[in-house]
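Following: one structure in structure tokens, then a few remarks.
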Amino acid sequence: MIDLKLLREQPDCIREALKKRGVDFDLDGLLNLEKQRRELLKGLESDREALKWQSDEFASRKATGQTSTPPPILRELSDRVTRKAQEVKALEANFQAQLAYVPNIPHQSVPVGDSKANQVVRTVGKKPALPFTPKTHLELAERLKLMDFERAAKVTGSHFPLFTGVGARLERALINWMLDVHTKEHGYTEVSPPFLVNRTSMFGTGQLPKFEEDMYRLRNDDLFLVPTAEVPLTNLHRDELLAGSALPLKYAAYTACFRREAGSYGKETRGLVRVHQFDKVELVKLTSPETSYDELERLVADAEVILKRLGLHYRVVCLATGDLGFAAAKCYDLEAWAPGLDQFLEVSSCSNFEAFQARRANLRYRQAATGKPAYVHTLNGSGVALARTLICLLETHQRADGHVAIPEPLRPYLDGQEQL
């Protein structure tokens, strides 16, 4: 949620942010609603004061025996207060509903433009120089019996993965290894959250109301399958006032992630590139505003450790304003190279939301210097997403004979096995 003070006092700042994002939003309509809301509230408070004065005056006169009949003005004021309170409630609901669609303001360091303006910050390693024509992960998975998409489609439907045999063990090994790295080396507290969250949690992180159609929902219970562990982790401290000395709080969690967004993407409709369900280890930080951008760089570095140790060629990309997620103020994508597909694939997004999510979730801390409450800054990043990382792992470490070398860090999780 954007800062209401900023909306009232510097609307042009928000107008410019919308322009940079390429978002068409009726800001003037929202500002008009805000003006109506303030005027109506002012009138309501005035009528309440008048009603209180008249009530006290009548009570005093009644106590001294001067009258026993309430004056008509009391009924008139009471009815007016009731009516205006209802109008304020309706106007407030309309205002908040529209405000919820205003995206976050991009940080000043974010490049301006659409996806073509995304900036490669650094590239790590070199593209694998395989002395043969590389196979795709689908070809490798079929030969090595790692996955079975036909049976997955029979059980559930298209765009759902099914790992089998050593493929299932490799998936589990990656999850366990990544959690161990982030908890034992990077200082994150592991959490095993529910895979279902309520509407308030989804609103808090910005998935609702804008992206409700992309989510899987249990309508009878009004619960949602998690699109990412960011949702339950960020909401752990919703409606809490944290001690400033406790920050930063760092959480790591594995969840399956569920999204409807796969759709139709040509050659990307096959395999693991775009699926409705995928595994992910997520990292979430709650920080003070003064340290959040330093913490963002550390978050990116934590995710990079995973890619480096898996021996993957990758790049870090700073997303431009027009490619930025709805709630993010700044975002880095980590894109790993898939030799068989001959392309970079996004395997992690690391974002600073500043106070945008915290306002929606009422997530605050007490400042040490002043003792006053302030909103925390929330950050999250994939550490990392499994499906596409697995694509890059299989295609990068394949051998001419069709086998795949297992990266050294994963071997202890696979009983010392060195290849698939």
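If you're wondering about the labels, chains in the structure tokens are A, B, ... by order shown, residues count from 1 in each chain, ligands from 1 in order shown.
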
Could you give me, as JSON, numbers by chain, the residues within 6 Å of range 276-279 of chain A, counting only C-alpha atoms and dropping anything in the same chain fewer than 5 positions from it? {"A": [159, 160, 256, 257, 258, 259, 260, 386, 387]}

Atoms kept (C-alpha atoms) for selection, written as a PDB file, in the first residue's frame:
```pdb
ATOM      1  CA  HIS A 159       1.526 -28.301 -16.688  1.00  0.00           C
ATOM      2  CA  PHE A 160       1.879 -30.345 -13.500  1.00  0.00           C
ATOM      3  CA  ALA A 256       5.270 -26.199  -3.239  1.00  0.00           C
ATOM      4  CA  CYS A 257       4.016 -23.150  -5.172  1.00  0.00           C
ATOM      5  CA  PHE A 258       0.788 -23.009  -7.158  1.00  0.00           C
ATOM      6  CA  ARG A 259       0.026 -20.559  -9.968  1.00  0.00           C
ATOM      7  CA  ARG A 260      -2.408 -20.551 -12.869  1.00  0.00           C
ATOM      8  CA  LEU A 386      13.500 -25.688  -8.227  1.00  0.00           C
ATOM      9  CA  ALA A 387      11.863 -26.401 -11.581  1.00  0.00           C
TER      10      ALA A 387
END
```

From a backbone DSSP assignment, name each residue in range 49-110 of chain A labelled helix (DSSP H, G or I), as a ChimeraX atom specification. /A:49-63,72-99

Nearest to Ser192 in chain A, restricted to only C-alpha atoms and choosing among A:Ala252, A:Met178, A:Ile14, A:Met147, comes out as A:Ala252

Report as a PyMOL selection string all protein, DNA and RNA residues lying within 10 Å of range 414-416 of chain A, evaluated on only C-alpha atoms, omitting residues in the same chain fewer than 5 positions from it. chain A and resi 166+169-170+172-174+406+408-409

Neighbours of Pro134 in chain A within 12 Å (only C-alpha atoms; same-chain residues fewer than 3 positions away dropped), as a PyMOL selection string? chain A and resi 128-131+137-140+338-342+392+394-404

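Using only C-alpha atoms, the contacts of range 287-292 of chain A at a cut-off of 10 Å, with sequence neighbours closer than 6 positions omitted, comprise Gly244, Ser245, Ala246, Leu247, Pro248, Leu249, Lys250, Arg298, Asn352, Phe353, Glu354, Ala355, Arg364, Tyr365, Arg366, Gln367, Ala374, Tyr375, Val376, His377, Thr378 and Leu379 of chain A.
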